[in-house]
>>> print(open('work_17.tsv').read())   # TSV, C-alpha atoms
chain	number	residue	atom	x	y	z
A	2	MET	CA	282.97	178.80	206.05
A	3	LYS	CA	286.63	179.08	206.89
A	4	PRO	CA	288.00	179.10	210.42
A	5	SER	CA	289.54	182.25	211.83
A	6	ARG	CA	293.23	181.96	212.31
A	7	LEU	CA	294.16	183.09	215.80
A	8	LEU	CA	297.62	184.58	215.91
A	9	THR	CA	299.39	186.60	218.53
A	10	ARG	CA	300.64	190.10	217.74
A	11	GLN	CA	304.12	190.75	216.49
A	12	SER	CA	306.18	191.68	219.54
A	13	PHE	CA	309.80	192.69	219.58
A	14	ALA	CA	311.88	191.77	222.61
A	15	ALA	CA	314.14	194.46	224.00
A	16	THR	CA	316.81	194.20	226.64
A	17	ALA	CA	317.69	196.97	229.03
A	18	LEU	CA	320.94	195.45	230.25
A	19	LEU	CA	324.19	196.03	228.46
A	20	CYS	CA	325.82	193.31	230.52
A	21	ALA	CA	324.30	190.60	228.31
A	22	ALA	CA	326.14	191.94	225.30
A	23	LEU	CA	329.27	192.68	227.34
A	24	THR	CA	329.46	189.03	228.34
A	25	ALA	CA	329.32	188.04	224.69
A	26	THR	CA	332.18	190.36	223.76
A	27	ALA	CA	334.53	188.12	225.72
A	28	GLN	CA	333.98	185.57	222.93
A	29	VAL	CA	334.64	187.89	219.98
A	30	PRO	CA	337.20	190.62	219.33
A	31	SER	CA	335.80	193.89	220.65
A	32	ARG	CA	336.84	197.35	221.67
A	33	GLN	CA	334.15	197.48	224.31
A	34	ALA	CA	336.38	196.20	227.12
A	35	GLN	CA	338.66	199.20	226.51
A	36	GLU	CA	335.87	201.73	226.92
A	37	SER	CA	335.90	203.90	229.98
A	38	ALA	CA	333.43	203.38	232.80
A	39	PRO	CA	331.82	206.82	232.17
A	40	ALA	CA	331.26	205.91	228.49
A	41	ARG	CA	329.59	202.65	229.49
A	42	GLU	CA	327.41	204.46	232.02
A	43	ASP	CA	326.42	207.06	229.43
A	44	ALA	CA	325.54	204.30	226.97
A	45	GLN	CA	323.48	202.55	229.63
A	46	ALA	CA	321.56	205.76	230.32
A	47	LEU	CA	320.84	206.19	226.60
A	48	VAL	CA	319.61	202.59	226.36
A	49	HIS	CA	317.17	203.21	229.21
A	50	GLN	CA	316.06	206.43	227.51
A	51	GLY	CA	315.49	204.50	224.29
A	52	LEU	CA	313.47	201.86	226.11
A	53	ARG	CA	311.27	204.50	227.75
A	54	LEU	CA	310.67	206.16	224.39
A	55	ALA	CA	309.92	202.82	222.71
A	56	ASP	CA	307.49	201.86	225.49
A	57	ALA	CA	305.69	205.16	224.89
A	58	GLY	CA	305.52	204.46	221.14
A	59	HIS	CA	308.12	207.10	220.21
A	60	HIS	CA	310.28	204.83	218.11
A	61	ALA	CA	311.95	207.59	216.11
A	62	GLY	CA	313.26	209.04	219.37
A	63	ALA	CA	314.28	205.55	220.51
A	64	VAL	CA	316.27	205.05	217.28
A	65	GLU	CA	318.11	208.30	217.93
A	66	ALA	CA	318.90	207.28	221.51
A	67	TYR	CA	320.12	203.82	220.50
A	68	ASN	CA	322.29	205.18	217.70
A	69	HIS	CA	323.82	207.66	220.14
A	70	ALA	CA	324.47	204.80	222.56
A	71	LEU	CA	326.20	202.84	219.81
A	72	ARG	CA	328.64	205.67	219.27
A	73	LEU	CA	329.72	205.07	222.86
A	74	ALA	CA	329.44	201.28	222.78
A	75	PRO	CA	329.84	200.30	219.11
A	76	ASN	CA	330.05	196.55	219.71
A	77	ASP	CA	327.06	196.07	221.97
A	78	ALA	CA	324.70	193.43	220.59
A	79	ALA	CA	321.90	194.39	223.00
A	80	ILE	CA	321.76	197.93	221.64
A	81	TYR	CA	321.66	196.67	218.05
A	82	ASN	CA	318.83	194.35	219.06
A	83	ASN	CA	316.79	197.20	220.53
A	84	LEU	CA	317.60	199.43	217.56
A	85	GLY	CA	316.38	196.73	215.18
A	86	GLY	CA	313.10	196.43	217.08
A	87	SER	CA	312.42	200.16	216.85
A	88	TYR	CA	313.33	200.28	213.16
A	89	ALA	CA	310.85	197.47	212.60
A	90	ARG	CA	308.13	199.36	214.46
A	91	LEU	CA	308.79	202.26	212.10
A	92	LYS	CA	308.53	199.83	209.13
A	93	ARG	CA	312.12	200.61	208.21
A	94	TYR	CA	312.73	196.95	207.60
A	95	GLU	CA	316.05	197.02	205.77
A	96	GLU	CA	317.57	199.03	208.63
A	97	ALA	CA	315.97	196.60	211.08
A	98	PHE	CA	317.61	193.67	209.27
A	99	ALA	CA	320.98	195.39	209.32
A	100	ALA	CA	320.79	196.12	213.06
A	101	LEU	CA	319.58	192.65	214.04
A	102	GLU	CA	322.06	190.86	211.79
A	103	ARG	CA	324.78	192.92	213.44
A	104	ALA	CA	323.45	191.87	216.85
A	105	VAL	CA	323.63	188.14	216.05
A	106	ALA	CA	327.02	188.57	214.38
A	107	LEU	CA	328.38	190.16	217.56
A	108	GLN	CA	326.67	187.62	219.79
A	109	PRO	CA	325.64	184.43	217.95
A	110	ASP	CA	324.04	182.95	221.09
A	111	PHE	CA	321.70	185.96	221.56
A	112	ALA	CA	318.32	184.18	221.46
A	113	VAL	CA	316.28	187.39	221.71
A	114	ALA	CA	317.99	188.90	218.66
A	115	HIS	CA	317.36	185.72	216.64
A	116	TYR	CA	313.70	185.90	217.69
A	117	ASN	CA	313.45	189.54	216.60
A	118	LEU	CA	315.13	188.76	213.30
A	119	GLY	CA	312.50	186.06	212.81
A	120	GLU	CA	309.78	188.61	213.51
A	121	VAL	CA	311.07	190.94	210.81
A	122	TYR	CA	311.37	188.09	208.34
A	123	GLY	CA	307.77	187.15	209.16
A	124	ILE	CA	306.47	190.69	208.74
A	125	THR	CA	308.12	190.95	205.33
A	126	GLY	CA	306.69	187.63	204.15
A	127	ARG	CA	309.86	185.52	204.35
A	128	ASP	CA	308.33	182.75	206.41
A	129	ALA	CA	310.98	180.09	205.76
A	130	ALA	CA	313.71	182.43	206.99
A	131	ALA	CA	311.55	183.40	209.97
A	132	LEU	CA	311.10	179.74	210.89
A	133	ALA	CA	314.86	179.22	210.85
A	134	GLU	CA	315.43	182.15	213.21
A	135	TYR	CA	312.73	181.02	215.64
A	136	GLY	CA	314.36	177.59	215.58
A	137	ARG	CA	317.75	179.09	216.42
A	138	ALA	CA	316.24	181.09	219.28
A	139	LEU	CA	314.55	177.98	220.65
A	140	THR	CA	317.73	175.90	220.32
A	141	LEU	CA	319.62	178.53	222.30
A	142	ASP	CA	316.86	178.80	224.90
A	143	PRO	CA	314.57	175.74	224.95
A	144	LYS	CA	312.22	177.51	227.38
A	145	TYR	CA	311.73	180.50	225.05
A	146	ASN	CA	307.95	180.19	224.85
A	147	LYS	CA	307.35	183.07	222.41
A	148	ALA	CA	309.78	181.56	219.91
A	149	HIS	CA	307.98	178.23	220.21
A	150	VAL	CA	304.60	179.89	219.63
A	151	LYS	CA	305.90	181.65	216.54
A	152	MET	CA	307.42	178.44	215.18
A	153	CYS	CA	304.01	176.77	215.35
A	154	GLN	CA	302.31	179.71	213.66
A	155	THR	CA	304.94	179.84	210.92
A	156	TYR	CA	304.48	176.14	210.17
A	157	LEU	CA	300.83	177.01	209.50
A	158	ALA	CA	301.81	179.98	207.32
A	159	LEU	CA	304.04	177.63	205.30
A	160	GLU	CA	301.18	175.10	205.09
A	161	ARG	CA	303.30	172.55	206.92
A	162	ASP	CA	300.20	171.58	208.83
A	163	ASN	CA	301.28	168.24	210.29
A	164	GLU	CA	304.41	169.87	211.72
A	165	ALA	CA	302.21	172.63	213.15
A	166	VAL	CA	300.06	170.01	214.90
A	167	ALA	CA	303.15	168.38	216.42
A	168	CYS	CA	304.53	171.80	217.39
A	169	TYR	CA	301.35	172.76	219.24
A	170	GLU	CA	301.17	169.38	220.96
A	171	THR	CA	304.66	169.94	222.36
A	172	LEU	CA	303.75	173.46	223.40
A	173	LEU	CA	300.59	172.30	225.17
A	174	LYS	CA	302.56	169.85	227.28
A	175	ARG	CA	304.20	172.88	228.86
A	176	ALA	CA	301.13	175.12	229.00
A	177	PRO	CA	298.00	172.93	228.92
A	178	GLN	CA	295.78	175.74	230.22
A	179	ASP	CA	296.79	178.33	227.61
A	180	ALA	CA	293.59	179.10	225.72
A	181	GLU	CA	295.22	180.80	222.74
A	182	THR	CA	297.62	177.91	222.16
A	183	ARG	CA	294.74	175.45	222.43
A	184	ALA	CA	292.66	177.49	219.98
A	185	ASN	CA	295.52	177.57	217.48
A	186	TYR	CA	296.06	173.85	217.99
A	187	GLY	CA	292.39	173.36	217.14
A	188	TYR	CA	292.91	175.38	213.98
A	189	ALA	CA	295.90	173.22	213.03
A	190	LEU	CA	293.84	170.06	213.62
A	191	PHE	CA	291.16	171.58	211.43
A	192	ARG	CA	293.71	172.15	208.67
A	193	THR	CA	294.74	168.48	208.85
A	194	LYS	CA	291.07	167.44	208.56
A	195	GLN	CA	290.90	166.09	212.10
A	196	HIS	CA	287.55	167.79	212.49
A	197	LYS	CA	286.14	165.95	215.48
A	198	LYS	CA	289.35	166.33	217.48
A	199	ALA	CA	289.50	169.99	216.40
A	200	VAL	CA	285.99	170.59	217.73
A	201	ALA	CA	286.81	168.98	221.08
A	202	THR	CA	289.99	171.07	221.32
A	203	LEU	CA	288.17	174.30	220.43
A	204	GLU	CA	285.42	173.56	222.94
A	205	GLU	CA	288.13	173.37	225.59
A	206	ALA	CA	289.65	176.63	224.32
A	207	VAL	CA	286.27	178.35	224.69
A	208	ARG	CA	285.94	176.97	228.20
A	209	LEU	CA	289.36	178.34	229.10
A	210	SER	CA	288.73	181.73	227.49
A	211	PRO	CA	284.97	182.38	227.41
A	212	ALA	CA	285.34	185.97	226.20
A	213	ASP	CA	287.50	185.17	223.14
A	214	VAL	CA	285.32	185.79	220.08
A	215	GLY	CA	287.91	184.27	217.73
A	216	ALA	CA	287.77	180.97	219.58
A	217	TYR	CA	283.99	180.87	219.08
A	218	LEU	CA	284.42	181.53	215.35
A	219	ASN	CA	286.84	178.64	215.01
A	220	LEU	CA	284.63	176.37	217.08
A	221	ALA	CA	281.62	177.22	214.93
A	222	SER	CA	283.58	176.42	211.77
A	223	GLY	CA	284.47	173.02	213.16
A	224	LEU	CA	280.85	172.38	214.09
A	225	VAL	CA	279.71	173.26	210.58
A	226	TYR	CA	282.26	170.94	209.01
A	227	THR	CA	281.01	168.13	211.25
A	228	LYS	CA	277.43	169.09	210.25
A	229	ARG	CA	276.37	170.16	213.75
A	230	TYR	CA	274.63	173.22	212.40
A	231	ASP	CA	272.33	173.94	215.35
A	232	GLN	CA	275.28	173.96	217.73
A	233	ALA	CA	277.25	176.19	215.37
A	234	ILE	CA	274.35	178.64	215.29
A	235	LEU	CA	274.23	178.82	219.08
A	236	VAL	CA	277.99	179.39	219.26
A	237	LEU	CA	277.87	182.17	216.64
A	238	ARG	CA	274.93	183.87	218.29
A	239	HIS	CA	276.90	183.90	221.53
A	240	ALA	CA	279.91	185.37	219.68
A	241	LEU	CA	277.66	188.19	218.45
A	242	GLU	CA	276.42	188.78	221.99
A	243	LEU	CA	280.04	189.25	223.01
A	244	LYS	CA	280.84	191.45	220.01
A	245	PRO	CA	277.76	192.71	218.14
A	246	ASP	CA	279.85	194.42	215.44
A	247	CYS	CA	281.79	191.26	214.52
A	248	GLU	CA	280.78	191.01	210.87
A	249	GLU	CA	282.72	187.79	210.36
A	250	ALA	CA	280.55	186.16	213.03
A	251	ARG	CA	277.42	187.53	211.39
A	252	TYR	CA	278.44	186.26	207.96
A	253	ASN	CA	279.23	182.85	209.42
A	254	LEU	CA	275.91	182.83	211.26
A	255	ALA	CA	274.09	183.51	208.00
A	256	ALA	CA	276.05	180.70	206.34
A	257	ALA	CA	275.27	178.33	209.23
A	258	TYR	CA	271.55	179.11	208.93
A	259	LEU	CA	271.80	178.44	205.20
A	260	ALA	CA	273.52	175.10	205.84
A	261	ALA	CA	270.76	174.24	208.32
A	262	LYS	CA	268.21	175.05	205.57
A	263	ASN	CA	266.76	177.93	207.59
A	264	ARG	CA	266.64	180.31	204.65
A	265	MET	CA	264.49	182.92	206.42
A	266	ALA	CA	266.94	183.29	209.31
A	267	ALA	CA	269.82	183.43	206.82
A	268	LEU	CA	268.08	186.26	204.95
A	269	GLU	CA	267.60	188.16	208.22
A	270	GLN	CA	271.36	188.10	208.79
A	271	TYR	CA	271.92	189.08	205.15
A	272	VAL	CA	269.73	192.16	205.62
A	273	ILE	CA	271.82	193.22	208.62
A	274	LEU	CA	275.03	192.63	206.65
A	275	LYS	CA	273.69	194.85	203.87
A	276	ARG	CA	273.67	197.72	206.37
A	277	THR	CA	276.99	196.98	208.05
A	278	ASP	CA	279.31	195.22	205.58
A	279	GLU	CA	278.40	195.50	201.92
A	280	ALA	CA	281.32	193.33	200.76
A	281	ARG	CA	280.41	190.42	203.02
A	282	ALA	CA	276.74	190.86	202.13
A	283	GLN	CA	277.59	190.49	198.45
A	284	GLN	CA	279.74	187.46	199.21
A	285	PHE	CA	276.86	185.85	201.10
A	286	TYR	CA	274.40	186.71	198.32
A	287	GLU	CA	276.61	184.83	195.87
A	288	LEU	CA	276.83	181.90	198.27
A	289	MET	CA	273.07	181.86	198.76
A	290	PHE	CA	272.33	181.69	195.04
A	291	SER	CA	275.39	179.73	193.91
A	292	LYS	CA	273.39	176.58	193.20
A	293	GLN	CA	270.77	178.34	191.11
A	294	ILE	CA	271.22	178.41	187.34
A	295	LEU	CA	269.92	181.54	185.70
A	296	SER	CA	269.19	181.63	181.99
A	297	VAL	CA	267.61	184.07	179.58
A	298	LYS	CA	265.89	183.50	176.26
A	299	PRO	CA	267.68	184.87	173.24
A	300	ASN	CA	266.02	187.80	171.52
>>> encode(input="work_17.tsv", output="structure tokens")
Amino acid sequence: MKPSRLLTRQSFAATALLCAALTATAQVPSRQAQESAPAREDAQALVHQGLRLADAGHHAGAVEAYNHALRLAPNDAAIYNNLGGSYARLKRYEEAFAALERAVALQPDFAVAHYNLGEVYGITGRDAAALAEYGRALTLDPKYNKAHVKMCQTYLALERDNEAVACYETLLKRAPQDAETRANYGYALFRTKQHKKAVATLEEAVRLSPADVGAYLNLASGLVYTKRYDQAILVLRHALELKPDCEEARYNLAAAYLAAKNRMAALEQYVILKRTDEARAQQFYELMFSKQILSVKPN
């Protein structure tokens, strides 16, 4: 029974203020300083329009607004950053890369743009490149919590589990009461086979966030691996009380009953899975009979 990996959603950081990029243009050659005040004001208005559209989920309209703004302010890193975020939301990843790479080229110390570039690398499966960008964002802004979170998660994705453990430990020093970070730390401990410590960490995560079904799934997995089957069963039953349609919890409950040698209770959960999740039911059926050897007599 594998633990459930708890990861935060991909989130692209936008900036409404052109002044951040304008400050950066003092460090690189730019035409922006020569632009008229009305042009800058018009660009600012278009950026705010793009942000409103993006907030409403209208990313195609946001792209149009940002591109219009760039015609007025062609060297503004903040606009390229926002444009890249909307392209990514539209799954136009190559255009997102181009916009975000332009943003960091214009303003190399733009931590938000490095973070967003990391997000796009992560979405497209380039985890090593994503890790590098999160690292750059965190170097530029050591208090950039989201970049730190994503670094830890990316270590896990790269199976650099010991580094993930250390990453989460550093993160927890700053936010010891963050349930999601603690749950992910428990998962990382689990991956490094520190099962007892993982269970204690996940118990604390559940205490901090008693409505988080994923935390209960991870905790139950740790309990099973430490052979505390009865406790795992109680945890999984509670997860199903919180979310009755959580088929992963039901599958894991069936597996926990099987591990506890309560075959009848395991079969009851299997019958429910047959009605609700045929694929998981078949997977559990194979698990249930995996140790039985079937043979037939030749004709």
>>> atom_distance(input="work_17.tsv", atom1="CA of Asp231 (chain A)", atom2="CA of Met289 (chain A)")
18.4 Å
>>> residues_around(input="work_17.tsv", residues="region 246-248 of chain A", least_positions_apart="2", cutoff="8 Å", atoms="all atoms listed in the file", output="VMD selection string")
chain A and resid 241 244 250 to 252 274 277 to 278 281
>>> write_last_selection(input="work_17.tsv", atoms="C-alpha atoms", output="PDB file, in the coordinates of the input")
ATOM      1  CA  LEU A 241     277.660 188.190 218.450  1.00  0.00           C
ATOM      2  CA  LYS A 244     280.840 191.450 220.010  1.00  0.00           C
ATOM      3  CA  ALA A 250     280.550 186.160 213.030  1.00  0.00           C
ATOM      4  CA  ARG A 251     277.420 187.530 211.390  1.00  0.00           C
ATOM      5  CA  TYR A 252     278.440 186.260 207.960  1.00  0.00           C
ATOM      6  CA  LEU A 274     275.030 192.630 206.650  1.00  0.00           C
ATOM      7  CA  THR A 277     276.990 196.980 208.050  1.00  0.00           C
ATOM      8  CA  ASP A 278     279.310 195.220 205.580  1.00  0.00           C
ATOM      9  CA  ARG A 281     280.410 190.420 203.020  1.00  0.00           C
TER      10      ARG A 281
END
>>> atom_distance(input="work_17.tsv", atom1="CA of Phe290 (chain A)", atom2="CA of Ile273 (chain A)")
17.8 Å
>>> residues_around(input="work_17.tsv", residues="Asn219 (chain A)", least_positions_apart="5", cutoff="12 Å", atoms="only C-alpha atoms", output="PyMOL selection string")
chain A and resi 2-7+181+183-192+196+199-207+213-214+224-226+233+236-237+240+249-250+253
>>> write_last_selection(input="work_17.tsv", atoms="C-alpha atoms", output="PDB file, in the coordinates of the input")
ATOM      1  CA  MET A   2     282.970 178.800 206.050  1.00  0.00           C
ATOM      2  CA  LYS A   3     286.630 179.080 206.890  1.00  0.00           C
ATOM      3  CA  PRO A   4     288.000 179.100 210.420  1.00  0.00           C
ATOM      4  CA  SER A   5     289.540 182.250 211.830  1.00  0.00           C
ATOM      5  CA  ARG A   6     293.230 181.960 212.310  1.00  0.00           C
ATOM      6  CA  LEU A   7     294.160 183.090 215.800  1.00  0.00           C
ATOM      7  CA  GLU A 181     295.220 180.800 222.740  1.00  0.00           C
ATOM      8  CA  ARG A 183     294.740 175.450 222.430  1.00  0.00           C
ATOM      9  CA  ALA A 184     292.660 177.490 219.980  1.00  0.00           C
ATOM     10  CA  ASN A 185     295.520 177.570 217.480  1.00  0.00           C
ATOM     11  CA  TYR A 186     296.060 173.850 217.990  1.00  0.00           C
ATOM     12  CA  GLY A 187     292.390 173.360 217.140  1.00  0.00           C
ATOM     13  CA  TYR A 188     292.910 175.380 213.980  1.00  0.00           C
ATOM     14  CA  ALA A 189     295.900 173.220 213.030  1.00  0.00           C
ATOM     15  CA  LEU A 190     293.840 170.060 213.620  1.00  0.00           C
ATOM     16  CA  PHE A 191     291.160 171.580 211.430  1.00  0.00           C
ATOM     17  CA  ARG A 192     293.710 172.150 208.670  1.00  0.00           C
ATOM     18  CA  HIS A 196     287.550 167.790 212.490  1.00  0.00           C
ATOM     19  CA  ALA A 199     289.500 169.990 216.400  1.00  0.00           C
ATOM     20  CA  VAL A 200     285.990 170.590 217.730  1.00  0.00           C
ATOM     21  CA  ALA A 201     286.810 168.980 221.080  1.00  0.00           C
ATOM     22  CA  THR A 202     289.990 171.070 221.320  1.00  0.00           C
ATOM     23  CA  LEU A 203     288.170 174.300 220.430  1.00  0.00           C
ATOM     24  CA  GLU A 204     285.420 173.560 222.940  1.00  0.00           C
ATOM     25  CA  GLU A 205     288.130 173.370 225.590  1.00  0.00           C
ATOM     26  CA  ALA A 206     289.650 176.630 224.320  1.00  0.00           C
ATOM     27  CA  VAL A 207     286.270 178.350 224.690  1.00  0.00           C
ATOM     28  CA  ASP A 213     287.500 185.170 223.140  1.00  0.00           C
ATOM     29  CA  VAL A 214     285.320 185.790 220.080  1.00  0.00           C
ATOM     30  CA  LEU A 224     280.850 172.380 214.090  1.00  0.00           C
ATOM     31  CA  VAL A 225     279.710 173.260 210.580  1.00  0.00           C
ATOM     32  CA  TYR A 226     282.260 170.940 209.010  1.00  0.00           C
ATOM     33  CA  ALA A 233     277.250 176.190 215.370  1.00  0.00           C
ATOM     34  CA  VAL A 236     277.990 179.390 219.260  1.00  0.00           C
ATOM     35  CA  LEU A 237     277.870 182.170 216.640  1.00  0.00           C
ATOM     36  CA  ALA A 240     279.910 185.370 219.680  1.00  0.00           C
ATOM     37  CA  GLU A 249     282.720 187.790 210.360  1.00  0.00           C
ATOM     38  CA  ALA A 250     280.550 186.160 213.030  1.00  0.00           C
ATOM     39  CA  ASN A 253     279.230 182.850 209.420  1.00  0.00           C
TER      40      ASN A 253
END
>>> axis_aligned_box(input="work_17.tsv", around="region 159-175 of chain A", padding_each_side="3 Å", output="AutoDock Vina command-line options")
--center_x 302.4 --center_y 172.9 --center_z 217.0 --size_x 10.6 --size_y 15.4 --size_z 29.8
>>> atom_distance(input="work_17.tsv", atom1="CA of Lys144 (chain A)", atom2="CA of Ala212 (chain A)")
28.2 Å
>>> residues_around(input="work_17.tsv", residues="Arg161 (chain A)", least_positions_apart="4", cutoff="12 Å", atoms="only C-alpha atoms", output="JSON, numbers by chain")
{"A": [128, 129, 132, 152, 153, 154, 155, 156, 157, 165, 166, 167, 168, 189, 190, 192, 193]}
>>> residues_around(input="work_17.tsv", residues="Tyr116 (chain A)", least_positions_apart="3", cutoff="8 Å", atoms="only C-alpha atoms", output="list of chain:residue names")
A:Ala14, A:Ala112, A:Val113, A:Gly119, A:Glu120, A:Glu134, A:Tyr135, A:Ala138, A:Ala148
>>> write_last_selection(input="work_17.tsv", atoms="C-alpha atoms", output="JSON list (two decimals), keeping the file's coordinate frame")
[["chain", "number", "residue", "atom", "x", "y", "z"],
["A", 14, "ALA", "CA", 311.88, 191.77, 222.61],
["A", 112, "ALA", "CA", 318.32, 184.18, 221.46],
["A", 113, "VAL", "CA", 316.28, 187.39, 221.71],
["A", 119, "GLY", "CA", 312.50, 186.06, 212.81],
["A", 120, "GLU", "CA", 309.78, 188.61, 213.51],
["A", 134, "GLU", "CA", 315.43, 182.15, 213.21],
["A", 135, "TYR", "CA", 312.73, 181.02, 215.64],
["A", 138, "ALA", "CA", 316.24, 181.09, 219.28],
["A", 148, "ALA", "CA", 309.78, 181.56, 219.91]]
>>> closest_residue(input="work_17.tsv", among="A:Ala38, A:Asn82, A:Pro143, A:Arg90", to="Asn117 (chain A)", atoms="all atoms listed in the file")
A:Asn82
>>> closest_residue(input="work_17.tsv", among="A:Ala261, A:Ala255, A:Gly85, A:Thr182", to="Ala282 (chain A)", atoms="all atoms listed in the file")
A:Ala255
>>> residues_around(input="work_17.tsv", residues="Tyr286 (chain A)", least_positions_apart="4", cutoff="12 Å", atoms="only C-alpha atoms", output="PDB file with C-alpha atoms, in the coordinates of the input")
ATOM      1  CA  TYR A 252     278.440 186.260 207.960  1.00  0.00           C
ATOM      2  CA  ALA A 255     274.090 183.510 208.000  1.00  0.00           C
ATOM      3  CA  ALA A 256     276.050 180.700 206.340  1.00  0.00           C
ATOM      4  CA  LEU A 259     271.800 178.440 205.200  1.00  0.00           C
ATOM      5  CA  ARG A 264     266.640 180.310 204.650  1.00  0.00           C
ATOM      6  CA  ALA A 267     269.820 183.430 206.820  1.00  0.00           C
ATOM      7  CA  LEU A 268     268.080 186.260 204.950  1.00  0.00           C
ATOM      8  CA  GLN A 270     271.360 188.100 208.790  1.00  0.00           C
ATOM      9  CA  TYR A 271     271.920 189.080 205.150  1.00  0.00           C
ATOM     10  CA  VAL A 272     269.730 192.160 205.620  1.00  0.00           C
ATOM     11  CA  LEU A 274     275.030 192.630 206.650  1.00  0.00           C
ATOM     12  CA  LYS A 275     273.690 194.850 203.870  1.00  0.00           C
ATOM     13  CA  GLU A 279     278.400 195.500 201.920  1.00  0.00           C
ATOM     14  CA  ALA A 280     281.320 193.330 200.760  1.00  0.00           C
ATOM     15  CA  ARG A 281     280.410 190.420 203.020  1.00  0.00           C
ATOM     16  CA  ALA A 282     276.740 190.860 202.130  1.00  0.00           C
ATOM     17  CA  PHE A 290     272.330 181.690 195.040  1.00  0.00           C
ATOM     18  CA  SER A 291     275.390 179.730 193.910  1.00  0.00           C
ATOM     19  CA  LYS A 292     273.390 176.580 193.200  1.00  0.00           C
ATOM     20  CA  GLN A 293     270.770 178.340 191.110  1.00  0.00           C
TER      21      GLN A 293
END
>>> closest_residue(input="work_17.tsv", among="A:Leu47, A:Ala133, A:Leu288, A:Ala180", to="Leu84 (chain A)", atoms="only C-alpha atoms")
A:Leu47
